[in-house]
>>> print(open('input.cif').read())   # mmCIF, C-alpha atoms
data_protein
loop_
_atom_site.label_atom_id
_atom_site.label_comp_id
_atom_site.auth_asym_id
_atom_site.auth_seq_id
_atom_site.Cartn_x
_atom_site.Cartn_y
_atom_site.Cartn_z
CA MET B 1280 20.54 44.81 35.69
CA ILE B 1281 23.89 46.30 36.62
CA THR B 1282 27.17 45.12 35.13
CA ASP B 1283 30.63 45.50 36.63
CA ASP B 1284 33.28 47.73 34.99
CA GLN B 1285 31.42 48.20 31.69
CA GLY B 1286 31.68 51.81 30.57
CA TYR B 1287 29.42 54.09 28.57
CA GLY B 1288 31.43 53.38 25.44
CA ASP B 1289 31.34 49.59 25.77
CA LEU B 1290 28.14 49.28 23.72
CA GLY B 1291 27.47 49.21 20.01
CA CYS B 1292 24.56 51.63 20.41
CA HIS B 1293 26.94 54.21 21.90
CA GLY B 1294 29.15 54.21 18.85
CA ASN B 1295 31.70 51.52 19.67
CA PRO B 1296 32.83 50.30 16.24
CA VAL B 1297 34.01 46.88 17.45
CA ILE B 1298 31.85 45.44 20.21
CA GLN B 1299 28.82 43.28 19.37
CA THR B 1300 25.86 43.97 21.68
CA PRO B 1301 22.72 43.41 19.57
CA ASN B 1302 20.34 42.76 22.47
CA LEU B 1303 21.49 45.73 24.52
CA ASP B 1304 21.31 47.82 21.34
CA TRP B 1305 17.70 46.66 20.98
CA LEU B 1306 17.00 47.54 24.61
CA HIS B 1307 18.54 50.97 24.02
CA ALA B 1308 16.32 51.52 20.97
CA HIS B 1309 13.18 50.56 22.91
CA SER B 1310 13.91 52.41 26.16
CA THR B 1311 13.97 55.88 27.57
CA ARG B 1312 17.68 56.68 27.90
CA LEU B 1313 19.29 58.85 30.58
CA THR B 1314 22.27 60.18 28.62
CA ASN B 1315 23.75 62.29 31.44
CA PHE B 1316 23.51 59.62 34.15
CA HIS B 1317 26.25 59.32 36.75
CA VAL B 1318 27.40 56.84 39.38
CA ASP B 1319 30.40 56.79 41.69
CA PRO B 1320 33.80 55.95 40.12
CA LEU B 1321 34.03 52.56 41.90
CA CYS B 1322 31.56 49.78 42.52
CA SER B 1323 30.69 49.63 46.23
CA PRO B 1324 29.88 53.35 46.54
CA THR B 1325 27.69 53.10 43.44
CA ARG B 1326 25.84 50.08 44.81
CA ALA B 1327 25.32 51.77 48.17
CA ALA B 1328 23.77 54.85 46.55
CA LEU B 1329 21.67 52.72 44.22
CA MET B 1330 20.33 50.59 47.07
CA THR B 1331 19.51 53.51 49.39
CA GLY B 1332 18.74 56.54 47.23
CA ARG B 1333 21.29 58.43 49.31
CA TYR B 1334 24.87 59.58 48.88
CA SER B 1335 27.23 56.67 49.38
CA CYS B 1336 29.38 58.58 51.89
CA ARG B 1337 26.24 59.34 53.92
CA VAL B 1338 25.52 55.61 54.26
CA GLY B 1339 29.07 54.63 55.20
CA VAL B 1340 30.54 53.49 51.88
CA TRP B 1341 33.37 55.28 50.09
CA ALA B 1342 35.73 52.44 49.16
CA THR B 1343 35.73 48.82 48.04
CA ILE B 1344 38.19 47.61 50.72
CA LEU B 1345 39.38 48.30 54.28
CA GLY B 1346 35.93 47.67 55.75
CA ARG B 1347 34.69 50.81 54.03
CA SER B 1348 32.32 48.93 51.73
CA LEU B 1349 29.89 47.95 54.52
CA LEU B 1350 26.49 49.54 54.06
CA ARG B 1351 25.49 51.08 57.39
CA ARG B 1352 23.06 48.73 59.13
CA GLU B 1353 20.37 51.29 59.91
CA GLU B 1354 19.92 52.23 56.24
CA ALA B 1355 16.88 50.81 54.46
CA THR B 1356 17.57 49.30 51.05
CA MET B 1357 15.67 49.07 47.80
CA ALA B 1358 15.02 45.41 48.64
CA ASP B 1359 13.68 46.33 52.09
CA ILE B 1360 11.18 48.70 50.53
CA PHE B 1361 10.01 46.30 47.83
CA ALA B 1362 9.69 43.48 50.38
CA ALA B 1363 7.69 45.71 52.74
CA ASN B 1364 5.31 46.36 49.85
CA GLY B 1365 4.68 42.67 49.23
CA TYR B 1366 7.19 42.04 46.46
CA ARG B 1367 9.34 38.93 46.23
CA THR B 1368 12.95 40.07 46.15
CA GLY B 1369 16.00 38.37 44.67
CA ILE B 1370 19.67 39.18 44.07
CA PHE B 1371 21.81 37.32 41.56
CA GLY B 1372 25.54 38.01 41.26
CA LYS B 1373 27.46 40.73 43.07
CA TRP B 1374 26.55 42.43 46.35
CA HIS B 1375 29.83 43.92 47.71
CA LEU B 1376 28.23 45.78 50.60
CA GLY B 1377 29.16 43.27 53.30
CA ASP B 1378 29.76 39.51 53.48
CA ASN B 1379 28.97 38.91 57.16
CA TYR B 1380 25.92 39.36 59.38
CA PRO B 1381 24.20 41.85 59.56
CA PHE B 1382 25.44 43.20 56.23
CA ARG B 1383 24.67 40.30 53.90
CA PRO B 1384 21.99 40.69 51.22
CA GLN B 1385 19.69 38.28 53.08
CA ASP B 1386 19.93 40.67 56.05
CA ARG B 1387 19.05 43.65 53.85
CA GLY B 1388 15.70 42.71 52.34
CA PHE B 1389 16.57 40.05 49.77
CA GLN B 1390 14.61 36.80 50.12
CA GLU B 1391 16.29 34.82 47.32
CA VAL B 1392 20.07 35.22 47.31
CA LEU B 1393 22.71 33.84 44.96
CA VAL B 1394 25.97 35.78 45.23
CA HIS B 1395 29.73 35.46 45.12
CA GLY B 1396 31.83 36.88 47.94
CA GLY B 1397 33.70 40.16 48.11
CA GLY B 1398 34.15 42.47 45.16
CA GLY B 1399 34.78 39.85 42.51
CA ILE B 1400 34.83 36.15 41.81
CA GLY B 1401 38.11 34.67 43.02
CA GLN B 1402 38.90 37.48 45.45
CA THR B 1403 39.88 36.63 49.03
CA PRO B 1404 36.34 36.74 50.53
CA ASP B 1405 35.01 34.52 47.74
CA PHE B 1406 34.82 30.73 47.86
CA TRP B 1407 38.21 29.06 47.48
CA GLY B 1408 39.10 28.08 43.90
CA ASN B 1409 36.40 30.07 42.09
CA ASP B 1410 37.50 31.11 38.59
CA TYR B 1411 34.24 32.07 36.77
CA PHE B 1412 33.63 28.46 35.63
CA ASP B 1413 31.84 25.74 37.67
CA ASP B 1414 32.10 27.82 40.84
CA THR B 1415 30.66 27.65 44.33
CA TYR B 1416 28.42 30.58 45.30
CA TRP B 1417 26.43 31.50 48.39
CA HIS B 1418 22.82 30.45 47.89
CA ASN B 1419 20.54 31.64 50.67
CA GLY B 1420 23.40 31.58 53.15
CA ARG B 1421 24.93 28.23 52.19
CA PRO B 1422 27.71 27.36 49.73
CA GLU B 1423 26.43 25.57 46.66
CA ALA B 1424 28.34 24.32 43.61
CA PHE B 1425 27.09 25.32 40.15
CA LYS B 1426 27.98 24.16 36.66
CA GLY B 1427 28.62 26.73 33.96
CA TYR B 1428 29.97 30.22 33.37
CA CYS B 1429 29.25 32.77 36.09
CA THR B 1430 27.06 35.17 34.08
CA ASP B 1431 25.02 32.29 32.68
CA VAL B 1432 24.54 30.88 36.19
CA PHE B 1433 23.32 34.21 37.59
CA PHE B 1434 20.89 34.80 34.72
CA ASP B 1435 19.65 31.20 34.93
CA ALA B 1436 18.84 31.74 38.60
CA ALA B 1437 17.20 35.10 37.91
CA LEU B 1438 15.01 33.61 35.17
CA LYS B 1439 13.99 30.77 37.48
CA PHE B 1440 13.07 33.33 40.16
CA ILE B 1441 11.05 35.41 37.69
CA GLU B 1442 9.17 32.39 36.36
CA ALA B 1443 8.39 31.19 39.89
CA ASN B 1444 6.93 34.61 40.71
CA ARG B 1445 5.24 35.41 37.41
CA ASP B 1446 1.88 35.71 39.20
CA HIS B 1447 3.30 37.78 42.05
CA PRO B 1448 5.03 41.17 42.18
CA PHE B 1449 8.80 40.69 42.09
CA PHE B 1450 12.01 42.70 42.23
CA ALA B 1451 15.01 41.01 40.59
CA TYR B 1452 18.45 42.59 41.05
CA ILE B 1453 20.80 41.02 38.48
CA ALA B 1454 24.29 42.29 39.26
CA THR B 1455 26.83 40.51 37.10
CA ASN B 1456 30.43 40.04 38.17
CA ALA B 1457 31.40 40.36 34.49
CA PRO B 1458 33.16 42.07 32.85
CA HIS B 1459 35.31 42.60 35.97
CA SER B 1460 38.87 41.29 35.72
CA PRO B 1461 40.38 38.74 35.45
CA PHE B 1462 38.97 38.51 31.96
CA HIS B 1463 37.87 34.88 31.95
CA VAL B 1464 35.26 34.02 29.33
CA PRO B 1465 34.43 31.04 27.10
CA GLU B 1466 36.68 31.20 24.06
CA LYS B 1467 33.80 31.46 21.60
CA TYR B 1468 33.01 34.96 22.88
CA ALA B 1469 36.59 36.29 22.74
CA GLU B 1470 37.57 34.65 19.45
CA PRO B 1471 35.75 37.05 17.08
CA TYR B 1472 37.53 40.02 18.65
CA LEU B 1473 40.91 38.32 18.59
CA LYS B 1474 40.43 37.68 14.86
CA MET B 1475 39.78 41.41 14.42
CA GLY B 1476 43.14 42.21 16.00
CA VAL B 1477 41.75 43.51 19.28
CA PRO B 1478 44.36 43.21 22.08
CA GLN B 1479 43.86 40.02 24.06
CA HIS B 1480 42.79 41.62 27.35
CA ARG B 1481 40.23 43.79 25.56
CA ALA B 1482 39.05 40.93 23.34
CA ARG B 1483 38.23 38.94 26.47
CA PHE B 1484 36.66 41.98 28.14
CA TYR B 1485 34.46 42.55 25.08
CA GLY B 1486 33.71 38.84 24.96
CA MET B 1487 32.41 38.99 28.53
CA ILE B 1488 30.10 41.84 27.52
CA THR B 1489 28.88 39.94 24.46
CA ASN B 1490 28.03 37.04 26.77
CA ILE B 1491 26.13 39.45 29.03
CA ASP B 1492 24.32 40.73 25.95
CA GLU B 1493 23.30 37.18 25.02
CA ASN B 1494 21.85 36.72 28.50
CA VAL B 1495 20.00 40.03 28.32
CA GLY B 1496 18.40 38.71 25.15
CA ARG B 1497 17.35 35.54 26.99
CA LEU B 1498 15.79 37.64 29.73
CA LEU B 1499 13.84 39.89 27.37
CA THR B 1500 12.59 36.88 25.41
CA ARG B 1501 11.47 35.08 28.57
CA LEU B 1502 9.57 38.13 29.82
CA ARG B 1503 7.64 38.17 26.53
CA GLU B 1504 7.01 34.41 26.67
CA CYS B 1505 5.69 34.72 30.22
CA GLY B 1506 3.38 37.59 29.27
CA LEU B 1507 5.27 39.91 31.60
CA GLU B 1508 6.75 42.42 29.16
CA GLY B 1509 4.10 45.10 29.69
CA ASP B 1510 4.08 44.51 33.44
CA THR B 1511 7.81 44.71 34.05
CA ILE B 1512 10.12 47.71 34.30
CA VAL B 1513 13.55 46.77 32.93
CA ILE B 1514 16.55 48.91 33.83
CA PHE B 1515 20.09 48.47 32.56
CA THR B 1516 23.06 50.36 33.96
CA THR B 1517 26.68 49.83 35.01
CA ASP B 1518 28.60 50.55 38.20
CA ASN B 1519 31.45 52.79 36.97
CA GLY B 1520 33.49 53.64 33.89
CA THR B 1521 35.26 51.12 31.70
CA SER B 1522 38.19 49.17 33.06
CA ALA B 1523 39.56 47.76 29.80
CA GLY B 1524 37.68 49.27 26.87
CA TYR B 1525 40.02 52.26 26.64
CA ASP B 1526 43.63 53.04 27.52
CA PRO B 1527 43.97 56.71 28.55
CA ARG B 1528 47.76 56.52 28.24
CA THR B 1529 47.69 55.71 24.54
CA GLY B 1530 44.17 56.61 23.45
CA ASP B 1531 43.67 53.05 22.23
CA GLY B 1532 40.11 51.74 22.39
CA TYR B 1533 36.81 53.59 22.59
CA ASN B 1534 35.47 55.80 25.39
CA ALA B 1535 32.69 57.80 23.68
CA GLY B 1536 34.88 60.91 23.66
CA MET B 1537 35.22 61.07 27.42
CA ARG B 1538 38.27 61.56 29.60
CA GLY B 1539 38.98 59.05 32.36
CA ILE B 1540 38.12 55.43 33.11
CA LYS B 1541 37.13 53.42 36.18
CA GLY B 1542 38.32 55.14 39.36
CA SER B 1543 38.59 58.58 37.76
CA ALA B 1544 36.74 61.74 38.74
CA TYR B 1545 36.49 62.74 35.07
CA ASP B 1546 33.25 61.81 33.30
CA GLY B 1547 34.71 58.63 31.82
CA GLY B 1548 34.94 57.27 35.36
CA HIS B 1549 31.31 57.81 36.32
CA ARG B 1550 29.02 58.61 33.38
CA THR B 1551 27.35 55.32 32.50
CA PRO B 1552 24.47 53.97 30.42
CA CYS B 1553 21.00 53.93 31.94
CA PHE B 1554 18.15 52.48 29.89
CA ILE B 1555 14.64 52.32 31.37
CA ARG B 1556 12.03 50.28 29.51
CA TRP B 1557 8.39 49.85 30.45
CA ALA B 1558 6.61 48.58 27.36
CA GLY B 1559 3.45 50.52 26.63
CA GLU B 1560 4.05 53.02 29.44
CA LEU B 1561 7.31 54.89 28.76
CA GLN B 1562 8.25 56.33 25.39
CA GLU B 1563 10.72 54.26 23.41
CA GLY B 1564 13.82 55.69 21.78
CA ARG B 1565 13.82 58.91 23.78
CA ASP B 1566 16.91 60.58 25.22
CA ILE B 1567 16.86 62.62 28.43
CA SER B 1568 19.93 64.82 28.86
CA SER B 1569 19.15 66.24 32.31
CA LEU B 1570 21.75 65.56 35.01
CA THR B 1571 20.70 62.37 36.81
CA ALA B 1572 22.37 59.81 39.05
CA HIS B 1573 22.28 56.41 40.71
CA PHE B 1574 20.46 57.66 43.81
CA ASP B 1575 17.51 58.81 41.68
CA LEU B 1576 16.49 55.27 40.74
CA LEU B 1577 15.01 54.21 44.10
CA PRO B 1578 12.68 57.23 44.52
CA THR B 1579 11.77 56.85 40.85
CA LEU B 1580 10.82 53.19 41.27
CA ILE B 1581 8.83 53.97 44.41
CA GLU B 1582 6.68 56.38 42.39
CA LEU B 1583 6.46 54.26 39.24
CA CYS B 1584 5.40 51.17 41.21
CA GLY B 1585 3.15 53.03 43.65
CA LEU B 1586 5.11 51.83 46.68
CA GLU B 1587 4.85 53.09 50.23
CA ASN B 1588 8.06 54.37 51.79
CA PRO B 1589 7.64 52.79 55.23
CA GLU B 1590 10.95 54.08 56.54
CA ARG B 1591 10.16 57.69 55.54
CA ILE B 1592 13.64 57.91 54.08
CA GLN B 1593 15.07 61.32 53.33
CA PHE B 1594 16.47 60.63 49.87
CA ASP B 1595 19.30 62.57 48.29
CA GLY B 1596 17.99 61.48 44.90
CA ILE B 1597 14.71 62.57 43.36
CA SER B 1598 11.95 60.84 41.43
CA LEU B 1599 12.48 61.13 37.70
CA VAL B 1600 8.90 60.17 36.88
CA PRO B 1601 7.95 63.66 35.59
CA LEU B 1602 10.90 63.45 33.19
CA LEU B 1603 10.20 59.87 32.15
CA THR B 1604 6.52 60.51 31.42
CA GLY B 1605 7.16 63.81 29.64
CA ALA B 1606 5.28 65.86 32.23
CA VAL B 1607 8.36 68.11 32.31
CA ARG B 1608 10.98 68.54 29.60
CA ASP B 1609 13.92 69.19 31.91
CA LEU B 1610 14.89 69.33 35.56
CA PRO B 1611 15.86 72.53 37.34
CA ASP B 1612 19.64 72.75 37.52
CA ARG B 1613 20.97 70.69 40.40
CA THR B 1614 24.30 69.84 41.98
CA ILE B 1615 25.40 66.21 42.31
CA ILE B 1616 28.58 64.83 43.85
CA VAL B 1617 30.27 61.54 42.98
CA HIS B 1618 33.41 60.26 44.65
CA THR B 1619 35.48 57.33 45.84
CA GLN B 1620 38.49 57.02 48.13
CA GLN B 1621 40.38 53.80 48.83
CA ILE B 1622 41.50 55.00 52.27
CA ASP B 1623 40.38 54.63 55.89
CA HIS B 1624 39.11 58.17 56.37
CA PRO B 1625 37.83 60.40 53.55
CA GLN B 1626 39.83 63.45 52.54
CA LYS B 1627 38.06 66.48 51.17
CA TRP B 1628 38.23 66.85 47.36
CA ARG B 1629 40.02 63.55 46.79
CA THR B 1630 38.75 61.70 43.67
CA CYS B 1631 35.48 63.58 43.46
CA ALA B 1632 33.43 65.51 40.94
CA VAL B 1633 30.90 68.21 41.78
CA MET B 1634 28.54 68.45 38.83
CA THR B 1635 25.87 70.71 37.42
CA ASN B 1636 24.42 70.55 33.91
CA ARG B 1637 27.13 72.93 32.70
CA TRP B 1638 30.07 72.50 35.07
CA ARG B 1639 32.35 69.80 36.45
CA LEU B 1640 34.57 70.66 39.41
CA VAL B 1641 37.11 67.82 39.52
CA ASN B 1642 39.14 67.03 42.64
CA GLY B 1643 38.35 70.45 44.08
CA GLY B 1644 40.58 72.43 41.75
CA GLU B 1645 39.88 71.72 38.07
CA LEU B 1646 36.84 73.23 36.34
CA TYR B 1647 35.40 72.18 32.98
CA ASP B 1648 32.60 73.73 30.93
CA MET B 1649 30.79 70.68 29.57
CA THR B 1650 28.75 72.70 27.06
CA ILE B 1651 31.87 73.43 25.00
CA ASP B 1652 34.39 70.91 26.37
CA PRO B 1653 32.73 67.51 26.93
CA GLY B 1654 36.14 65.84 26.70
CA GLN B 1655 37.34 67.86 29.70
CA GLU B 1656 40.52 69.04 27.99
CA LYS B 1657 40.67 72.69 29.11
CA ASN B 1658 40.75 73.57 32.80
CA VAL B 1659 39.02 76.96 33.15
CA ALA B 1660 39.24 77.28 36.94
CA ASN B 1661 41.30 80.48 36.72
CA GLN B 1662 38.76 82.14 34.41
CA TYR B 1663 35.75 81.18 36.54
CA GLN B 1664 36.95 81.44 40.11
CA ASP B 1665 33.44 82.44 41.23
CA VAL B 1666 32.09 79.11 39.93
CA VAL B 1667 34.87 77.19 41.67
CA LYS B 1668 34.07 78.99 44.91
CA GLU B 1669 30.36 78.24 44.56
CA LEU B 1670 30.89 74.54 43.84
CA ARG B 1671 33.42 74.14 46.63
#
>>> encode(input="input.cif", output="C-alpha cells")
Amino acid sequence: MITDDQGYGDLGCHGNPVIQTPNLDWLHAHSTRLTNFHVDPLCSPTRAALMTGRYSCRVGVWATILGRSLLRREEATMADIFAANGYRTGIFGKWHLGDNYPFRPQDRGFQEVLVHGGGGIGQTPDFWGNDYFDDTYWHNGRPEAFKGYCTDVFFDAALKFIEANRDHPFFAYIATNAPHSPFHVPEKYAEPYLKMGVPQHRARFYGMITNIDENVGRLLTRLRECGLEGDTIVIFTTDNGTSAGYDPRTGDGYNAGMRGIKGSAYDGGHRTPCFIRWAGELQEGRDISSLTAHFDLLPTLIELCGLENPERIQFDGISLVPLLTGAVRDLPDRTIIVHTQQIDHPQKWRTCAVMTNRWRLVNGGELYDMTIDPGQEKNVANQYQDVVKELR
C-alpha cells in the first residue's frame, strides 16, 4: 500500500496529536518499521524507483509532468518479476508512469488493472468529470463507471482480487489517490477535525487519511478471515512528504520535527513511513534506523518471496532481509540520492539530497549533521568542506 502526499507526521503512531489512524497505528505496532526510510520528493520518481529497484533518474523519471514521468520501456517492473514467477498481479489506484501504450500498467506486468489517469483524479489525463465520487476509471484498458468514494472503490477492487486469488500467489499494489488534493472526502471524515478547530483544508486532508485508515482495517480483517495473514507480507508506505499536514511558513501543523514538505530536498520532503508486517516471520514492534530507501523494497521482496530475477536486473537498492530478520544489526554506511526536477532536462544539484547515516547534502551546497541536527537548522558546509567535496 502506498498513499499519495501523506507525510511521516500524518499518523497518530508518529506523534501527531490530532489525526485519528487506529488501524495504521495497529499496523505500526505489529510491524518492523524502517524509521530512516526515504523516497523521492515527488510521486512519479518515487513510483519509478519502487517499481524497478533502481534510481528514478536512471529509468527515465525525474518529474511528474512534461513527459518526464514515463518509465523507460526496457525497464522490468516489480509486477513483471512477480508475474514471471507465477504470481497474479493487480494494481488499484494510481500509476502515474505513463497513460498510453507501451507505458500503461497492463503493459508493465499488471494483469488486473483499475486506475485513474495522470497524476491525480480530475487532472487532464483523467476521465472527464471525475471528482473522487462516482467516477469513471480505467479497468483493464476500458473506461468503467463506479459508485462510491475513490479510496473505497480501489480497496473494494483490491479485496475482490485478493479473495479471488486466495489459493494462488498474488501481488496487490494498492496505490491510493488520496490524500492528494483537491481535498474531497465524505463529510463524516472531515467533520471531527473541523469541530476540533483544524483549518478546513487540513481537516479534509486528515479526513482522507482517516478514510484510508478505515480501509486498511478492512484489508487486515479480510486477510485474517481468509486465513492469509501468516502467508501475506503487508507493506505500508507513502510517496513523498506531506502536502497539507504542515505549513513551513507558519509552523502550523505537525511534521515530526522535520524541515520541508512535499517537493523539498529536506528530510520532510522525502522521509516517509515504511511498515513491513509478515505475521509469524518478522519481529513485531521493532524499529530499524539504518538508512534505507524505496529502491530497496523490490530486491527485498525478491529474497523474502524466493523469486527468480529473470531479467538479471542490476539494482541500485539492496535486499534488507538480513536487517529484517535480525541477521545483522545495522547496514554498512551507504550513500543514497533522492531528487526531483519539474523541468525538461535535469540540472545538477537541483532539488536533491545526498544522504549518509550522518550527513545530508542538500541541493549541492547545504550540509547538515543529522546526529545533532535532525531538524536541519544549521548549515555546516563551511566547517566540513571535506564532507561536501566527498558527497558532491
>>> resolve_selection(input="input.cif", expression="the PyMOL selection byres ((chain B and resi 1470) around 12)", output="number ranges by chain")
B: 1464-1469, 1471-1487, 1489
>>> write_last_selection(input="input.cif", atoms="C-alpha atoms", output="mmCIF file, in the frame of the given file")
data_model
loop_
_atom_site.group_PDB
_atom_site.id
_atom_site.type_symbol
_atom_site.label_atom_id
_atom_site.label_comp_id
_atom_site.auth_asym_id
_atom_site.auth_seq_id
_atom_site.Cartn_x
_atom_site.Cartn_y
_atom_site.Cartn_z
ATOM 1 C CA VAL B 1464 35.260 34.020 29.330
ATOM 2 C CA PRO B 1465 34.430 31.040 27.100
ATOM 3 C CA GLU B 1466 36.680 31.200 24.060
ATOM 4 C CA LYS B 1467 33.800 31.460 21.600
ATOM 5 C CA TYR B 1468 33.010 34.960 22.880
ATOM 6 C CA ALA B 1469 36.590 36.290 22.740
ATOM 7 C CA PRO B 1471 35.750 37.050 17.080
ATOM 8 C CA TYR B 1472 37.530 40.020 18.650
ATOM 9 C CA LEU B 1473 40.910 38.320 18.590
ATOM 10 C CA LYS B 1474 40.430 37.680 14.860
ATOM 11 C CA MET B 1475 39.780 41.410 14.420
ATOM 12 C CA GLY B 1476 43.140 42.210 16.000
ATOM 13 C CA VAL B 1477 41.750 43.510 19.280
ATOM 14 C CA PRO B 1478 44.360 43.210 22.080
ATOM 15 C CA GLN B 1479 43.860 40.020 24.060
ATOM 16 C CA HIS B 1480 42.790 41.620 27.350
ATOM 17 C CA ARG B 1481 40.230 43.790 25.560
ATOM 18 C CA ALA B 1482 39.050 40.930 23.340
ATOM 19 C CA ARG B 1483 38.230 38.940 26.470
ATOM 20 C CA PHE B 1484 36.660 41.980 28.140
ATOM 21 C CA TYR B 1485 34.460 42.550 25.080
ATOM 22 C CA GLY B 1486 33.710 38.840 24.960
ATOM 23 C CA MET B 1487 32.410 38.990 28.530
ATOM 24 C CA THR B 1489 28.880 39.940 24.460
#
>>> resolve_selection(input="input.cif", expression="the PyMOL selection byres ((chain B and resi 1311-1315) around 7)", output="ChimeraX atom specification")
/B:1307,1310,1316-1317,1550,1552-1556,1561-1571
>>> closest_atom_pairs(input="input.cif", of="stretch 1437-1460 of chain B", to="stretch 1501-1522 of chain B", cutoff="8 Å", atoms="all atoms listed in the file", output="JSON lines")
{"residue": "B:Leu1438", "atom": "CA", "partner": "B:Arg1501", "partner_atom": "CA", "distance": 7.6}
{"residue": "B:Glu1442", "atom": "CA", "partner": "B:Cys1505", "partner_atom": "CA", "distance": 7.4}
{"residue": "B:Arg1445", "atom": "CA", "partner": "B:Cys1505", "partner_atom": "CA", "distance": 7.2}
{"residue": "B:His1459", "atom": "CA", "partner": "B:Ser1522", "partner_atom": "CA", "distance": 7.7}
>>> write_last_selection(input="input.cif", atoms="C-alpha atoms", output="CSV table (one decimal), keeping the file's coordinate frame")
chain,number,residue,atom,x,y,z
B,1438,LEU,CA,15.0,33.6,35.2
B,1442,GLU,CA,9.2,32.4,36.4
B,1445,ARG,CA,5.2,35.4,37.4
B,1459,HIS,CA,35.3,42.6,36.0
>>> resolve_selection(input="input.cif", expression="the PyMOL selection byres ((chain B and resi 1616) around 6)", output="list in words")
Ile1615, Val1617, Ala1632 and Val1633 of chain B
>>> atom_distance(input="input.cif", atom1="atom CA of B:Leu1303", atom2="atom CA of B:Asp1492")
5.9 Å
>>> closest_atom_pairs(input="input.cif", of="stretch 1424-1485 of chain B", to="stretch 1321-1324 of chain B", cutoff="12 Å", atoms="only C-alpha atoms", output="CSV")
residue,atom,partner,partner_atom,distance
B:Ala1454,CA,B:Cys1322,CA,10.9
B:Thr1455,CA,B:Cys1322,CA,11.7
B:Asn1456,CA,B:Cys1322,CA,10.7
B:His1459,CA,B:Cys1322,CA,10.4
>>> atom_distance(input="input.cif", atom1="atom CA of B:Ala1362", atom2="atom CA of B:Asp1446")
15.7 Å
>>> closest_residue(input="input.cif", among="B:Phe1440, B:Trp1407, B:Trp1374, B:Phe1434", to="B:Gln1390", atoms="only C-alpha atoms")
B:Phe1440
>>> residues_around(input="input.cif", residues="B:Ala1660", least_positions_apart="5", cutoff="9 Å", atoms="only C-alpha atoms", output="JSON, numbers by chain")
{"B": [1640, 1644, 1645, 1646, 1647, 1665, 1666, 1667]}
>>> atom_distance(input="input.cif", atom1="atom CA of B:Ile1360", atom2="atom CA of B:Ile1581")
8.4 Å
>>> closest_residue(input="input.cif", among="B:Val1495, B:Ala1328, B:Ala1363, B:Ala1358", to="B:Pro1589", atoms="all atoms listed in the file")
B:Ala1363
>>> closest_residue(input="input.cif", among="B:Asn1364, B:Gly1548, B:Gly1559, B:Asp1414", to="B:Ala1535", atoms="all atoms listed in the file")
B:Gly1548
>>> closest_residue(input="input.cif", among="B:Ile1491, B:Gly1397, B:Asp1595, B:Val1318", to="B:Leu1345", atoms="all atoms listed in the file")
B:Gly1397
>>> residues_around(input="input.cif", residues="B:Gly1291", least_positions_apart="2", cutoff="10 Å", atoms="only C-alpha atoms", output="ChimeraX atom specification")
/B:1288-1289,1293-1304,1307
>>> residues_around(input="input.cif", residues="B:Gly1427", least_positions_apart="4", cutoff="8 Å", atoms="all atoms listed in the file", output="PyMOL selection string")
chain B and resi 1412-1414+1431-1432
>>> closest_residue(input="input.cif", among="B:Gly1286, B:Gly1408, B:Gly1365, B:Gly1377", to="B:Ala1327", atoms="only C-alpha atoms")
B:Gly1377
>>> residues_around(input="input.cif", residues="B:Thr1635", least_positions_apart="4", cutoff="7 Å", atoms="all atoms listed in the file", output="PyMOL selection string")
chain B and resi 1612-1615+1639
>>> closest_residue(input="input.cif", among="B:Glu1354, B:Asp1652, B:Asp1623, B:Asp1283", to="B:Arg1637", atoms="all atoms listed in the file")
B:Asp1652
